[in-house]
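Chemist: Contents of my_file.tsv (TSV, C-alpha atoms) are below:
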```tsv
chain	number	residue	atom	x	y	z
H	1	MET	CA	-38.29	145.04	84.76
H	2	SER	CA	-40.64	145.35	87.69
H	3	GLU	CA	-44.18	144.00	87.69
H	4	THR	CA	-45.70	147.49	87.76
H	5	THR	CA	-43.72	148.58	84.68
H	6	ARG	CA	-44.85	145.51	82.73
H	7	THR	CA	-48.48	146.10	83.67
H	8	LYS	CA	-48.33	149.73	82.53
H	9	ASN	CA	-47.08	148.69	79.08
H	10	LEU	CA	-50.17	146.56	78.40
H	11	ARG	CA	-52.89	147.87	76.14
H	12	PRO	CA	-55.83	149.49	77.90
H	13	GLY	CA	-58.47	146.94	78.89
H	14	TRP	CA	-56.09	143.99	78.89
H	15	LYS	CA	-55.33	142.37	82.19
H	16	PRO	CA	-52.26	140.26	82.99
H	17	GLY	CA	-52.84	136.56	82.50
H	18	ARG	CA	-55.70	136.99	80.02
H	19	SER	CA	-55.51	136.25	76.33
H	20	GLY	CA	-56.23	138.92	73.75
H	21	ASN	CA	-58.30	136.30	71.95
H	22	PRO	CA	-60.09	134.24	74.60
H	23	ALA	CA	-62.03	132.19	72.04
H	24	GLY	CA	-58.73	131.21	70.41
H	25	ARG	CA	-58.29	129.42	67.15
H	26	PRO	CA	-61.16	127.03	66.34
H	27	LYS	CA	-60.35	123.37	66.98
H	28	GLY	CA	-59.45	121.46	63.86
H	29	SER	CA	-58.72	124.57	61.80
H	30	ARG	CA	-55.60	124.33	59.69
H	31	ASN	CA	-52.81	126.75	59.02
H	32	ARG	CA	-53.08	128.59	55.69
H	33	VAL	CA	-49.71	127.22	54.51
H	34	THR	CA	-50.86	123.66	55.28
H	35	LEU	CA	-54.05	124.18	53.27
H	36	VAL	CA	-52.09	125.48	50.28
H	37	ALA	CA	-49.67	122.52	50.46
H	38	LEU	CA	-52.52	119.99	50.65
H	39	ALA	CA	-54.26	121.59	47.66
H	40	ALA	CA	-51.03	121.43	45.63
H	41	MET	CA	-50.54	117.77	46.52
H	42	GLU	CA	-54.13	116.93	45.60
H	43	GLU	CA	-53.74	118.48	42.17
H	44	GLY	CA	-50.67	116.40	41.35
H	45	ALA	CA	-51.43	113.18	43.24
H	46	ASP	CA	-52.93	111.33	40.26
H	47	ALA	CA	-50.11	112.34	37.93
H	48	ILE	CA	-47.46	111.38	40.49
H	49	ALA	CA	-49.09	108.01	41.14
H	50	ARG	CA	-49.28	107.28	37.40
H	51	LYS	CA	-45.64	108.28	36.92
H	52	VAL	CA	-44.45	106.02	39.77
H	53	VAL	CA	-46.41	103.09	38.36
H	54	ASP	CA	-44.99	103.76	34.88
H	55	LEU	CA	-41.44	103.86	36.29
H	56	ALA	CA	-42.08	100.60	38.13
H	57	LYS	CA	-43.28	99.00	34.88
H	58	GLU	CA	-40.10	100.20	33.16
H	59	GLY	CA	-37.98	98.41	35.76
H	60	ASP	CA	-37.21	101.12	38.32
H	61	ILE	CA	-36.72	99.02	41.46
H	62	SER	CA	-37.28	101.92	43.87
H	63	ALA	CA	-40.58	102.79	42.22
H	64	ALA	CA	-41.60	99.12	42.20
H	65	ARG	CA	-40.81	98.83	45.91
H	66	LEU	CA	-42.86	101.96	46.63
H	67	VAL	CA	-45.84	100.64	44.66
H	68	LEU	CA	-45.68	97.21	46.30
H	69	GLU	CA	-45.31	98.66	49.81
H	70	ARG	CA	-48.49	100.68	49.26
H	71	LEU	CA	-50.44	97.82	47.73
H	72	VAL	CA	-49.30	95.09	50.13
H	73	PRO	CA	-47.78	96.50	53.31
H	74	PRO	CA	-45.31	94.15	55.01
H	75	ALA	CA	-46.90	91.97	57.67
H	76	LYS	CA	-45.66	92.78	61.12
H	77	GLU	CA	-46.51	89.48	62.73
H	78	ARG	CA	-47.81	86.13	61.63
H	79	PRO	CA	-49.10	83.10	63.48
H	80	ILE	CA	-46.41	80.54	64.26
H	81	PHE	CA	-47.17	76.86	64.55
H	82	LEU	CA	-44.33	75.31	66.50
H	83	SER	CA	-44.70	72.29	68.69
H	84	LEU	CA	-42.98	72.89	72.03
H	85	PRO	CA	-42.53	70.44	74.92
H	86	ASP	CA	-44.13	70.91	78.32
H	87	THR	CA	-42.48	73.89	80.03
H	88	SER	CA	-43.42	73.12	83.60
H	89	THR	CA	-39.89	71.91	84.44
H	90	ALA	CA	-36.39	73.24	83.83
H	91	ASN	CA	-35.71	70.30	81.51
H	92	GLY	CA	-38.84	71.09	79.46
H	93	ILE	CA	-37.82	74.74	79.21
H	94	ALA	CA	-34.37	73.76	77.93
H	95	GLU	CA	-36.02	71.46	75.36
H	96	ALA	CA	-38.33	74.31	74.28
H	97	GLN	CA	-35.34	76.60	73.75
H	98	GLN	CA	-33.69	73.84	71.71
H	99	ALA	CA	-36.85	73.44	69.59
H	100	ILE	CA	-36.88	77.19	68.89
H	101	LEU	CA	-33.21	77.09	67.87
H	102	GLN	CA	-33.88	74.11	65.61
H	103	ALA	CA	-36.84	75.90	63.97
H	104	VAL	CA	-34.58	78.83	63.10
H	105	ALA	CA	-31.90	76.50	61.76
H	106	THR	CA	-34.36	74.76	59.45
H	107	GLY	CA	-35.94	78.05	58.32
H	108	ASP	CA	-39.38	77.38	59.80
H	109	ILE	CA	-39.25	80.69	61.67
H	110	VAL	CA	-37.12	83.82	61.28
H	111	PRO	CA	-34.67	84.96	63.98
H	112	GLY	CA	-36.94	87.81	65.11
H	113	GLU	CA	-39.79	85.41	65.71
H	114	ALA	CA	-37.40	83.09	67.55
H	115	ALA	CA	-36.29	85.95	69.79
H	116	THR	CA	-39.92	86.66	70.68
H	117	LEU	CA	-40.60	82.99	71.42
H	118	ALA	CA	-37.40	82.68	73.43
H	119	GLY	CA	-38.49	85.70	75.49
H	120	ILE	CA	-41.82	84.01	76.20
H	121	VAL	CA	-40.08	80.79	77.21
H	122	GLU	CA	-37.68	82.81	79.39
H	123	ALA	CA	-40.65	84.43	81.15
H	124	ARG	CA	-42.04	80.94	81.72
H	125	ARG	CA	-38.66	79.85	83.14
H	126	LYS	CA	-38.72	82.72	85.62
H	127	ALA	CA	-42.27	81.82	86.66
H	128	VAL	CA	-41.30	78.17	87.19
H	129	GLU	CA	-38.19	79.23	89.12
H	130	THR	CA	-40.24	81.56	91.33
H	131	LEU	CA	-42.77	78.81	92.00
H	132	GLU	CA	-40.04	76.32	92.92
H	133	LEU	CA	-38.37	78.83	95.26
H	134	GLU	CA	-41.69	79.55	96.95
H	135	GLN	CA	-42.29	75.82	97.46
H	136	ARG	CA	-38.78	75.35	98.93
H	137	ILE	CA	-39.21	78.30	101.30
H	138	THR	CA	-42.60	77.02	102.41
H	139	ALA	CA	-41.12	73.56	103.03
H	140	LEU	CA	-38.22	75.03	105.03
H	141	GLU	CA	-40.56	77.18	107.12
H	142	GLY	CA	-42.76	74.14	107.77
H	143	LYS	CA	-39.79	72.21	109.24
H	144	LYS	CA	-39.18	74.91	111.88
```
When written as structure tokens, how does the structure in this file appear?
Modeler:
Amino acid sequence: MSETTRTKNLRPGWKPGRSGNPAGRPKGSRNRVTLVALAAMEEGADAIARKVVDLAKEGDISAARLVLERLVPPAKERPIFLSLPDTSTANGIAEAQQAILQAVATGDIVPGEAATLAGIVEARRKAVETLELEQRITALEGKK
């Protein structure tokens, strides 16, 4: 279809590239179906919440889990108090990794926390390695 044919098919007064409703939908306005669904949920929310709590009291594990997750959401992170050796040398970094492994083995920290700590120690190892390489290069350049 050519451009002239498309332009002829437009309603009178409308120009290509312009909206038929330039003001558009107001910001924040909701779709009618969404409003109806929200109203329906509001009406039954109290009854549903009571029913879930009643089921939890009767021993329904899924309902109990749902209630507990809403009351006390699982913590994503917690502070860890783990004594690590000085990590300014390769030997200290190896000892720190060993301390992290030992903390997991004794149950002081969980494996996910250990992985995070090990990643931090690994970043420290790379920084120490980079610093040592820079010092060696500087020393070699100074000899020339």
Chemist: Name all residues at most 9 Å from Thr89 in chain H (count all atoms listed in the file; drop same-chain ones fewer than 4 positions away) and give them as a list in words.
Modeler: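 The residues satisfying every condition are Ile93, Ala94, Arg125, Val128 and Glu129 of chain H.
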Chemist: Report, in Å to a single decimal, how far apart CA of Arg136 in chain H and CA of Val121 in chain H are.
Modeler: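 Between CA of Val121 in chain H and CA of Arg136 in chain H the gap works out to 22.4 Å.
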Chemist: What is the distance, in Å and to one decimal place, between CA of Ala96 in chain H and CA of Leu84 in chain H?
Modeler: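 Result for CA of Ala96 in chain H versus CA of Leu84 in chain H: 5.4 Å, one decimal.
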Chemist: If we count only C-alpha atoms and set the cut-off at 12 Å, which residues sit around Pro79 in chain H, ignoring sequence neighbours fewer than 6 positions away in its own chain? Please answer as a ChimeraX atom specification.
Modeler: /H:108-109,113,117
Chemist: So how far away is CA of Ala123 in chain H from CA of Ala105 in chain H, in Å?
Modeler: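 Answer for the CA of Ala105 in chain H to CA of Ala123 in chain H separation: 22.7 Å.
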Chemist: With distances taken over only C-alpha atoms, which residue among H:Gly112, H:Arg32, H:Lys51, H:Ile137 lies nearest Lys76 in chain H?
Modeler: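 Of the candidates, the smallest distance to Lys76 in chain H is held by H:Gly112.
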Chemist: Mind checking which residues fall within 12 Å of Glu132 in chain H, counting only C-alpha atoms, ignoring those fewer than 6 positions away in the same chain, and posting them as a PDB file with C-alpha atoms, in the frame of the given file?
Modeler:
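What follows is the written file selection29.pdb:
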```
ATOM      1  CA  SER H  88     -43.420  73.120  83.600  1.00  0.00           C
ATOM      2  CA  THR H  89     -39.890  71.910  84.440  1.00  0.00           C
ATOM      3  CA  ALA H  90     -36.390  73.240  83.830  1.00  0.00           C
ATOM      4  CA  ARG H 125     -38.660  79.850  83.140  1.00  0.00           C
ATOM      5  CA  LYS H 126     -38.720  82.720  85.620  1.00  0.00           C
ATOM      6  CA  THR H 138     -42.600  77.020 102.410  1.00  0.00           C
ATOM      7  CA  ALA H 139     -41.120  73.560 103.030  1.00  0.00           C
TER       8      ALA H 139
END
```
Chemist: May I have the residues within 12 Å of range 60-75 of chain H as a ChimeraX atom specification, using all atoms listed in the file and disregarding those fewer than 3 positions away in the same chain?
Modeler: /H:48-57,78-79
